[in-house]
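Working notes, beginning with the structure itself.
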Amino acid sequence: MPTLPRLDYLDRLEAEAIHILREVAGQFQRPALLFSGGKDSIALVRLAQKAFRPGKFPFPLVHIDTGHNFPEVLAFRDQLAAELSEQLIVRRVEDTIKQRGLREPGGKFPSRNALQTYTLLDTIEEFGFDACIGGARRDEEKARAKERIFSVRDEFGQWDPRRQRPELWNIYNGQIQPGENVRVFPISNWTELDVWNYIQRENIPLPSIYFAHERRCVVLPSGQLLAVTEHLTLDATDELTTRQVRFRTVGDATCTAAVESDAATLDAIIEDILQAKVSERGATRLDDRISETGMEDRKRNGYF
């Protein structure tokens with residue numbers, strides 16, 4: 001009897017993620033893949049190609065655009081969607097602010113990150129999405145570590161950790177009531193390093209912002225470096241500097257810090273991560289510092 005080839009750990013992670021994507025296609029009527037142009041969602045797109053090509057994806061790509069995104073990432077988002085010939089749906093937080101009469105955030109760093117929830121829930125209702133696929137990982141943050149791969153949300157989009165379902169033997173329960181939806185995390189078991197190793201193995205293109213480059217930044221009291229953009233409200237006392245930086249994650253330019261680095265290749269980035277002493281979100285995300293339960297509070301209200 002022939003011996004089956006042994007899978008390495010990336011093969012196993014890939015196979016699990018492809019299985020999850022196919023489960024979504026089989027169990028739900030109107031799924032969507034949330035695609036920001038960031039590395040995790042780009043990895044998800046590659047996994048979707050492996051799961052469904054040569055056919056079309058059984059879901060559109062959906063981006064909730066805060067209006068404060070980095071232009072390099074938006075350009076990459078549009079380019080990739082065009083190359084794939086897949087449907088890209090973009091809904092803008094700025095439109096939601098006007099339609100709902102929401103209050104625009106103020107202060108020096110006016111992040112619209114929390115307002116994405118309203119736009120996401122409106123988009124789910126507009127298209128009747130019953131499952132939204134995202135690139136969240138358990139290693140990112142303790143609230144995300146609580147979440148199952150199939151995470152049920154109620155008719156108001158809210159997450160209740162007490163309603164989490166068991167997922168034994170890779171069996172996923174997508175049964176929901178009318179109005180409910182499921183958030184699905186195919187790379188939940190991956191780490192930041194796994195994602196980068198997969199990107200390297202698959203030779204996946206990325207926005208240039210992930211690689212070392214010179215950028216004008218403001219130095220925060222925490223020592224973090226926030227890229228200077230038109231969305232910041234700076235004053236004469238702010239310390240401005242030009243540094244060699246890259247981004248470990250991308251999101252709102254008003255709440256996503258850069259890290260000093262000269263890593264201009266995938267090999268160098270992987271070495272950077274191996275030596276890092278602070279987690280990806282801990283090093284870069286200002287919005288997680290609002291409170292000890294900042295992420296969990298946002299998730300309970302419908303945040304992804």
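Labels for the structure tokens follow display order: chains A, B, ..., residues from 1 in each chain, ligands from 1.
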
At a cut-off of 12 Å, can you tabulate as CSV every residue of stretch 192-287 of chain A near stretch 75-86 of chain A together with its closest atom pair and the distance in Å to one decimal, using only C-alpha atoms and ordering rows by chain then number?
```
residue,atom,partner,partner_atom,distance
A:Ile204,CA,A:Leu80,CA,11.0
A:Pro205,CA,A:Phe76,CA,9.3
A:Leu206,CA,A:Phe76,CA,7.6
A:Pro207,CA,A:Phe76,CA,5.9
A:Ser208,CA,A:Phe76,CA,8.9
A:Ile209,CA,A:Phe76,CA,10.3
A:Tyr210,CA,A:Phe76,CA,11.9
```

For those residues, write N, CA, C and O atoms to a file as a PDB file, in the first residue's frame.
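Output file result_35.pdb is given in full below:
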```
ATOM      1  N   ILE A 204       3.135  35.566  -2.725  1.00  0.00           N
ATOM      2  CA  ILE A 204       1.942  36.401  -2.822  1.00  0.00           C
ATOM      3  C   ILE A 204       2.341  37.880  -2.808  1.00  0.00           C
ATOM      4  O   ILE A 204       3.013  38.333  -1.884  1.00  0.00           O
ATOM      5  N   PRO A 205       1.939  38.658  -3.813  1.00  0.00           N
ATOM      6  CA  PRO A 205       2.243  40.099  -3.814  1.00  0.00           C
ATOM      7  C   PRO A 205       1.501  40.812  -2.676  1.00  0.00           C
ATOM      8  O   PRO A 205       0.410  40.410  -2.273  1.00  0.00           O
ATOM      9  N   LEU A 206       2.109  41.904  -2.183  1.00  0.00           N
ATOM     10  CA  LEU A 206       1.541  42.685  -1.087  1.00  0.00           C
ATOM     11  C   LEU A 206       1.686  44.167  -1.382  1.00  0.00           C
ATOM     12  O   LEU A 206       2.534  44.581  -2.181  1.00  0.00           O
ATOM     13  N   PRO A 207       0.897  45.017  -0.713  1.00  0.00           N
ATOM     14  CA  PRO A 207       1.113  46.455  -0.831  1.00  0.00           C
ATOM     15  C   PRO A 207       2.504  46.830  -0.329  1.00  0.00           C
ATOM     16  O   PRO A 207       3.041  46.214   0.604  1.00  0.00           O
ATOM     17  N   SER A 208       3.079  47.860  -0.925  1.00  0.00           N
ATOM     18  CA  SER A 208       4.449  48.266  -0.592  1.00  0.00           C
ATOM     19  C   SER A 208       4.598  48.721   0.859  1.00  0.00           C
ATOM     20  O   SER A 208       5.704  48.708   1.412  1.00  0.00           O
ATOM     21  N   ILE A 209       3.497  49.088   1.501  1.00  0.00           N
ATOM     22  CA  ILE A 209       3.521  49.624   2.858  1.00  0.00           C
ATOM     23  C   ILE A 209       4.054  48.606   3.875  1.00  0.00           C
ATOM     24  O   ILE A 209       4.519  48.966   4.956  1.00  0.00           O
ATOM     25  N   TYR A 210       4.004  47.313   3.529  1.00  0.00           N
ATOM     26  CA  TYR A 210       4.493  46.266   4.432  1.00  0.00           C
ATOM     27  C   TYR A 210       6.013  46.162   4.454  1.00  0.00           C
ATOM     28  O   TYR A 210       6.574  45.500   5.327  1.00  0.00           O
TER      29      TYR A 210
END
```

Applying 6 Å and only C-alpha atoms, which residues near stretch 225-230 of chain A remain after dropping the ones on its own chain fewer than 6 positions away? List them as a PyMOL selection string.
chain A and resi 216-219+257-258

Kindly export the residues of the current selection with all heavy atoms, as a PDB file, in the first residue's frame.
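What ended up in part_4.pdb:
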```pdb
ATOM      1  N   ARG A 216       7.200  60.115   6.894  1.00  0.00           N
ATOM      2  CA  ARG A 216       7.084  61.186   7.889  1.00  0.00           C
ATOM      3  C   ARG A 216       6.111  60.737   8.964  1.00  0.00           C
ATOM      4  O   ARG A 216       4.986  60.307   8.664  1.00  0.00           O
ATOM      5  CB  ARG A 216       6.569  62.455   7.210  1.00  0.00           C
ATOM      6  CG  ARG A 216       6.599  63.706   8.072  1.00  0.00           C
ATOM      7  CD  ARG A 216       8.001  64.194   8.273  1.00  0.00           C
ATOM      8  NE  ARG A 216       8.025  65.533   8.840  1.00  0.00           N
ATOM      9  CZ  ARG A 216       9.078  66.041   9.465  1.00  0.00           C
ATOM     10  NH1 ARG A 216      10.191  65.321   9.585  1.00  0.00           N
ATOM     11  NH2 ARG A 216       9.057  67.270   9.946  1.00  0.00           N
ATOM     12  N   CYS A 217       6.536  60.796  10.218  1.00  0.00           N
ATOM     13  CA  CYS A 217       5.732  60.290  11.326  1.00  0.00           C
ATOM     14  C   CYS A 217       5.693  61.293  12.467  1.00  0.00           C
ATOM     15  O   CYS A 217       6.567  62.165  12.591  1.00  0.00           O
ATOM     16  CB  CYS A 217       6.311  58.976  11.860  1.00  0.00           C
ATOM     17  SG  CYS A 217       6.411  57.636  10.652  1.00  0.00           S
ATOM     18  N   VAL A 218       4.672  61.151  13.304  1.00  0.00           N
ATOM     19  CA  VAL A 218       4.609  61.874  14.571  1.00  0.00           C
ATOM     20  C   VAL A 218       4.905  60.868  15.670  1.00  0.00           C
ATOM     21  O   VAL A 218       4.409  59.736  15.650  1.00  0.00           O
ATOM     22  CB  VAL A 218       3.228  62.549  14.776  1.00  0.00           C
ATOM     23  CG1 VAL A 218       2.090  61.540  14.676  1.00  0.00           C
ATOM     24  CG2 VAL A 218       3.185  63.280  16.111  1.00  0.00           C
ATOM     25  N   VAL A 219       5.747  61.275  16.626  1.00  0.00           N
ATOM     26  CA  VAL A 219       6.126  60.396  17.726  1.00  0.00           C
ATOM     27  C   VAL A 219       5.118  60.572  18.856  1.00  0.00           C
ATOM     28  O   VAL A 219       4.964  61.681  19.402  1.00  0.00           O
ATOM     29  CB  VAL A 219       7.550  60.709  18.222  1.00  0.00           C
ATOM     30  CG1 VAL A 219       7.938  59.731  19.345  1.00  0.00           C
ATOM     31  CG2 VAL A 219       8.554  60.634  17.076  1.00  0.00           C
ATOM     32  N   ALA A 257      -0.057  52.246  13.992  1.00  0.00           N
ATOM     33  CA  ALA A 257       1.309  52.752  14.060  1.00  0.00           C
ATOM     34  C   ALA A 257       2.241  51.936  13.176  1.00  0.00           C
ATOM     35  O   ALA A 257       2.015  50.748  12.931  1.00  0.00           O
ATOM     36  CB  ALA A 257       1.807  52.741  15.504  1.00  0.00           C
ATOM     37  N   ALA A 258       3.296  52.594  12.725  1.00  0.00           N
ATOM     38  CA  ALA A 258       4.369  51.924  12.002  1.00  0.00           C
ATOM     39  C   ALA A 258       5.404  51.420  13.009  1.00  0.00           C
ATOM     40  O   ALA A 258       5.410  51.818  14.172  1.00  0.00           O
ATOM     41  CB  ALA A 258       5.011  52.885  11.013  1.00  0.00           C
TER      42      ALA A 258
END
```

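Here the question is which of A:Ser111, A:Thr119, A:Gln175, A:Gln99 gets nearest to A:His63 using only C-alpha atoms, and that residue is A:Thr119.
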
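The gap separating atom CA of A:Gln87 from atom CA of A:Asp194 is 27.8 Å, in Å to one decimal.
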
Quick one: everything within 10 Å of stretch 135-142 of chain A, counting only C-alpha atoms, minus sequence neighbours fewer than 3 positions away in the same chain. Send it as a count of residues only.
37

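The environment of stretch 23-32 of chain A within 9 Å, counting only C-alpha atoms and disregarding residues fewer than 3 places along the same chain, consists of Ile18, His19, Ile20, Pro58, Phe59, Pro60, Leu61, Val62, Phe127, Gly128, Phe129, Asp130, Ala131, Cys132, Ile133, Gly134, Tyr172, Asn173, Gly174, Gln175 and Val184 of chain A.
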
Save the residues we just selected, N, CA and C atoms, as a short mmCIF file (atom, residue, chain, number, x, y, z; two decimals), in the first residue's frame?
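Output file selection.cif is given in full below:
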```cif
data_model
loop_
_atom_site.label_atom_id
_atom_site.label_comp_id
_atom_site.auth_asym_id
_atom_site.auth_seq_id
_atom_site.Cartn_x
_atom_site.Cartn_y
_atom_site.Cartn_z
N ILE A 18 -8.98 25.86 3.61
CA ILE A 18 -9.73 25.53 2.40
C ILE A 18 -11.00 24.75 2.76
N HIS A 19 -10.87 23.82 3.70
CA HIS A 19 -12.05 23.07 4.17
C HIS A 19 -13.10 24.02 4.73
N ILE A 20 -12.67 25.00 5.52
CA ILE A 20 -13.61 25.97 6.13
C ILE A 20 -14.29 26.79 5.05
N PRO A 58 -17.63 31.82 -4.75
CA PRO A 58 -19.06 31.79 -4.43
C PRO A 58 -19.47 32.93 -3.49
N PHE A 59 -18.70 33.99 -3.50
CA PHE A 59 -19.00 35.15 -2.66
C PHE A 59 -18.29 36.38 -3.24
N PRO A 60 -18.83 37.58 -2.99
CA PRO A 60 -18.13 38.79 -3.40
C PRO A 60 -17.06 39.16 -2.37
N LEU A 61 -16.14 40.01 -2.78
CA LEU A 61 -15.21 40.66 -1.86
C LEU A 61 -15.87 41.94 -1.37
N VAL A 62 -15.82 42.20 -0.07
CA VAL A 62 -16.49 43.37 0.52
C VAL A 62 -15.49 44.15 1.36
N PHE A 127 -27.35 43.51 1.62
CA PHE A 127 -27.15 42.38 0.70
C PHE A 127 -27.67 41.07 1.26
N GLY A 128 -28.14 41.07 2.50
CA GLY A 128 -28.65 39.85 3.10
C GLY A 128 -27.58 38.81 3.35
N PHE A 129 -26.36 39.24 3.65
CA PHE A 129 -25.28 38.30 3.90
C PHE A 129 -25.58 37.49 5.15
N ASP A 130 -25.43 36.17 5.04
CA ASP A 130 -25.64 35.31 6.21
C ASP A 130 -24.33 34.78 6.78
N ALA A 131 -23.22 35.04 6.08
CA ALA A 131 -21.90 34.68 6.60
C ALA A 131 -20.89 35.68 6.07
N CYS A 132 -20.01 36.16 6.94
CA CYS A 132 -18.95 37.09 6.55
C CYS A 132 -17.62 36.47 6.93
N ILE A 133 -16.77 36.25 5.94
CA ILE A 133 -15.47 35.62 6.15
C ILE A 133 -14.43 36.70 6.41
N GLY A 134 -13.63 36.52 7.45
CA GLY A 134 -12.60 37.50 7.77
C GLY A 134 -11.29 36.86 8.15
N TYR A 172 -18.36 22.07 11.73
CA TYR A 172 -18.80 23.45 11.93
C TYR A 172 -20.31 23.55 11.73
N ASN A 173 -20.96 24.16 12.71
CA ASN A 173 -22.42 24.28 12.71
C ASN A 173 -22.82 25.67 12.24
N GLY A 174 -23.33 25.75 11.01
CA GLY A 174 -23.73 27.05 10.46
C GLY A 174 -25.22 27.32 10.54
N GLN A 175 -25.95 26.55 11.34
CA GLN A 175 -27.40 26.75 11.44
C GLN A 175 -27.69 28.05 12.19
N VAL A 184 -16.94 34.13 10.04
CA VAL A 184 -16.13 32.93 9.82
C VAL A 184 -14.66 33.31 9.72
#
```

Contacts of A:Asn203 at 12 Å or less, counting only C-alpha atoms, minus same-chain residues fewer than 4 places along, as number ranges by chain?
A: 42-43, 46, 195-199, 265-267

DSSP on the backbone: which residues in stretch 77-250 of chain A end up as alpha helix (DSSP H)? Give the answer as a VMD selection string.
chain A and resid 77 to 84 93 to 100 116 to 127 142 to 145 192 to 202

Just asking: which residues within stretch 46-258 of chain A are strand (DSSP E or B) according to DSSP, as JSON, numbers by chain?
{"A": [61, 62, 63, 64, 65, 88, 89, 90, 91, 92, 131, 132, 133, 150, 151, 152, 153, 159, 181, 182, 183, 184, 213, 214, 215, 216, 217, 218, 219, 225, 226, 227, 239, 240, 241, 242, 243, 244, 245, 246, 256, 257, 258]}

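Each of A:Val73, A:Leu102, A:Cys255, A:Leu47 was compared to A:Leu115 using only C-alpha atoms, and A:Leu102 turns out to be the nearest.
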
Excluding A:Val245 and its own-chain neighbours fewer than 2 positions away, which residues fall within 8 Å of it when counting only C-alpha atoms? Please give them as a PDB file with all heavy atoms, in the first residue's frame.
```pdb
ATOM      1  N   PHE A 211       6.672  46.796   3.496  1.00  0.00           N
ATOM      2  CA  PHE A 211       8.124  46.717   3.398  1.00  0.00           C
ATOM      3  C   PHE A 211       8.747  48.053   3.811  1.00  0.00           C
ATOM      4  O   PHE A 211       8.103  49.101   3.756  1.00  0.00           O
ATOM      5  CB  PHE A 211       8.524  46.355   1.969  1.00  0.00           C
ATOM      6  CG  PHE A 211       7.963  45.033   1.517  1.00  0.00           C
ATOM      7  CD1 PHE A 211       6.731  44.962   0.862  1.00  0.00           C
ATOM      8  CD2 PHE A 211       8.648  43.855   1.765  1.00  0.00           C
ATOM      9  CE1 PHE A 211       6.212  43.748   0.462  1.00  0.00           C
ATOM     10  CE2 PHE A 211       8.131  42.626   1.360  1.00  0.00           C
ATOM     11  CZ  PHE A 211       6.912  42.574   0.714  1.00  0.00           C
ATOM     12  N   ALA A 212      10.007  48.011   4.232  1.00  0.00           N
ATOM     13  CA  ALA A 212      10.672  49.195   4.770  1.00  0.00           C
ATOM     14  C   ALA A 212      10.702  50.335   3.757  1.00  0.00           C
ATOM     15  O   ALA A 212      11.006  50.133   2.578  1.00  0.00           O
ATOM     16  CB  ALA A 212      12.087  48.832   5.209  1.00  0.00           C
ATOM     17  N   HIS A 213      10.388  51.519   4.244  1.00  0.00           N
ATOM     18  CA  HIS A 213      10.401  52.728   3.420  1.00  0.00           C
ATOM     19  C   HIS A 213      10.498  53.938   4.352  1.00  0.00           C
ATOM     20  O   HIS A 213      10.224  53.841   5.540  1.00  0.00           O
ATOM     21  CB  HIS A 213       9.120  52.819   2.576  1.00  0.00           C
ATOM     22  CG  HIS A 213       7.865  52.846   3.403  1.00  0.00           C
ATOM     23  ND1 HIS A 213       7.319  51.712   3.985  1.00  0.00           N
ATOM     24  CD2 HIS A 213       7.047  53.869   3.771  1.00  0.00           C
ATOM     25  CE1 HIS A 213       6.223  52.025   4.660  1.00  0.00           C
ATOM     26  NE2 HIS A 213       6.042  53.331   4.547  1.00  0.00           N
ATOM     27  N   GLU A 214      10.866  55.059   3.816  1.00  0.00           N
ATOM     28  CA  GLU A 214      10.922  56.283   4.616  1.00  0.00           C
ATOM     29  C   GLU A 214       9.539  56.912   4.677  1.00  0.00           C
ATOM     30  O   GLU A 214       8.838  56.991   3.662  1.00  0.00           O
ATOM     31  CB  GLU A 214      11.923  57.276   4.032  1.00  0.00           C
ATOM     32  CG  GLU A 214      13.364  56.942   4.354  1.00  0.00           C
ATOM     33  CD  GLU A 214      14.294  58.123   4.119  1.00  0.00           C
ATOM     34  OE1 GLU A 214      13.856  59.135   3.512  1.00  0.00           O
ATOM     35  OE2 GLU A 214      15.471  58.046   4.522  1.00  0.00           O
ATOM     36  N   ARG A 215       9.152  57.367   5.882  1.00  0.00           N
ATOM     37  CA  ARG A 215       7.837  57.972   6.040  1.00  0.00           C
ATOM     38  C   ARG A 215       7.903  59.031   7.133  1.00  0.00           C
ATOM     39  O   ARG A 215       8.570  58.865   8.149  1.00  0.00           O
ATOM     40  CB  ARG A 215       6.782  56.918   6.387  1.00  0.00           C
ATOM     41  CG  ARG A 215       5.336  57.438   6.324  1.00  0.00           C
ATOM     42  CD  ARG A 215       4.351  56.295   6.508  1.00  0.00           C
ATOM     43  NE  ARG A 215       4.290  55.406   5.355  1.00  0.00           N
ATOM     44  CZ  ARG A 215       3.326  55.440   4.430  1.00  0.00           C
ATOM     45  NH1 ARG A 215       2.353  56.341   4.511  1.00  0.00           N
ATOM     46  NH2 ARG A 215       3.329  54.586   3.434  1.00  0.00           N
ATOM     47  N   ARG A 243      11.424  58.537   9.465  1.00  0.00           N
ATOM     48  CA  ARG A 243      12.060  57.292   9.885  1.00  0.00           C
ATOM     49  C   ARG A 243      11.919  56.228   8.797  1.00  0.00           C
ATOM     50  O   ARG A 243      11.030  56.307   7.944  1.00  0.00           O
ATOM     51  CB  ARG A 243      11.405  56.762  11.176  1.00  0.00           C
ATOM     52  CG  ARG A 243      11.438  57.712  12.358  1.00  0.00           C
ATOM     53  CD  ARG A 243      12.746  57.695  13.099  1.00  0.00           C
ATOM     54  NE  ARG A 243      12.685  58.584  14.261  1.00  0.00           N
ATOM     55  CZ  ARG A 243      12.303  58.201  15.478  1.00  0.00           C
ATOM     56  NH1 ARG A 243      11.933  56.945  15.702  1.00  0.00           N
ATOM     57  NH2 ARG A 243      12.284  59.077  16.478  1.00  0.00           N
ATOM     58  N   PHE A 247       4.883  48.581   8.112  1.00  0.00           N
ATOM     59  CA  PHE A 247       3.663  48.329   8.859  1.00  0.00           C
ATOM     60  C   PHE A 247       3.484  46.830   9.027  1.00  0.00           C
ATOM     61  O   PHE A 247       3.536  46.078   8.050  1.00  0.00           O
ATOM     62  CB  PHE A 247       2.461  48.954   8.159  1.00  0.00           C
ATOM     63  CG  PHE A 247       2.425  50.452   8.256  1.00  0.00           C
ATOM     64  CD1 PHE A 247       3.169  51.234   7.383  1.00  0.00           C
ATOM     65  CD2 PHE A 247       1.671  51.084   9.232  1.00  0.00           C
ATOM     66  CE1 PHE A 247       3.160  52.610   7.470  1.00  0.00           C
ATOM     67  CE2 PHE A 247       1.658  52.464   9.338  1.00  0.00           C
ATOM     68  CZ  PHE A 247       2.408  53.228   8.454  1.00  0.00           C
ATOM     69  N   ALA A 258       3.296  52.594  12.725  1.00  0.00           N
ATOM     70  CA  ALA A 258       4.369  51.924  12.002  1.00  0.00           C
ATOM     71  C   ALA A 258       5.404  51.420  13.009  1.00  0.00           C
ATOM     72  O   ALA A 258       5.410  51.818  14.172  1.00  0.00           O
ATOM     73  CB  ALA A 258       5.011  52.885  11.013  1.00  0.00           C
ATOM     74  N   VAL A 259       6.268  50.533  12.555  1.00  0.00           N
ATOM     75  CA  VAL A 259       7.389  50.082  13.383  1.00  0.00           C
ATOM     76  C   VAL A 259       8.682  50.384  12.632  1.00  0.00           C
ATOM     77  O   VAL A 259       8.743  50.268  11.410  1.00  0.00           O
ATOM     78  CB  VAL A 259       7.304  48.569  13.702  1.00  0.00           C
ATOM     79  CG1 VAL A 259       6.094  48.287  14.560  1.00  0.00           C
ATOM     80  CG2 VAL A 259       7.256  47.718  12.431  1.00  0.00           C
ATOM     81  N   GLU A 260       9.695  50.816  13.378  1.00  0.00           N
ATOM     82  CA  GLU A 260      10.984  51.068  12.747  1.00  0.00           C
ATOM     83  C   GLU A 260      11.566  49.754  12.249  1.00  0.00           C
ATOM     84  O   GLU A 260      11.612  48.758  12.977  1.00  0.00           O
ATOM     85  CB  GLU A 260      11.942  51.734  13.726  1.00  0.00           C
ATOM     86  CG  GLU A 260      11.655  53.202  13.944  1.00  0.00           C
ATOM     87  CD  GLU A 260      12.823  53.939  14.578  1.00  0.00           C
ATOM     88  OE1 GLU A 260      13.753  54.348  13.829  1.00  0.00           O
ATOM     89  OE2 GLU A 260      12.800  54.089  15.805  1.00  0.00           O
ATOM     90  N   SER A 261      12.035  49.761  11.008  1.00  0.00           N
ATOM     91  CA  SER A 261      12.548  48.521  10.424  1.00  0.00           C
ATOM     92  C   SER A 261      13.258  48.836   9.117  1.00  0.00           C
ATOM     93  O   SER A 261      12.891  49.775   8.408  1.00  0.00           O
ATOM     94  CB  SER A 261      11.394  47.550  10.159  1.00  0.00           C
ATOM     95  OG  SER A 261      11.845  46.407   9.469  1.00  0.00           O
ATOM     96  N   ASP A 262      14.273  48.039   8.827  1.00  0.00           N
ATOM     97  CA  ASP A 262      14.904  48.122   7.514  1.00  0.00           C
ATOM     98  C   ASP A 262      14.625  46.862   6.700  1.00  0.00           C
ATOM     99  O   ASP A 262      15.309  46.571   5.721  1.00  0.00           O
ATOM    100  CB  ASP A 262      16.407  48.356   7.638  1.00  0.00           C
ATOM    101  CG  ASP A 262      17.120  47.250   8.428  1.00  0.00           C
ATOM    102  OD1 ASP A 262      16.450  46.278   8.837  1.00  0.00           O
ATOM    103  OD2 ASP A 262      18.346  47.368   8.624  1.00  0.00           O
TER     104      ASP A 262
END
```
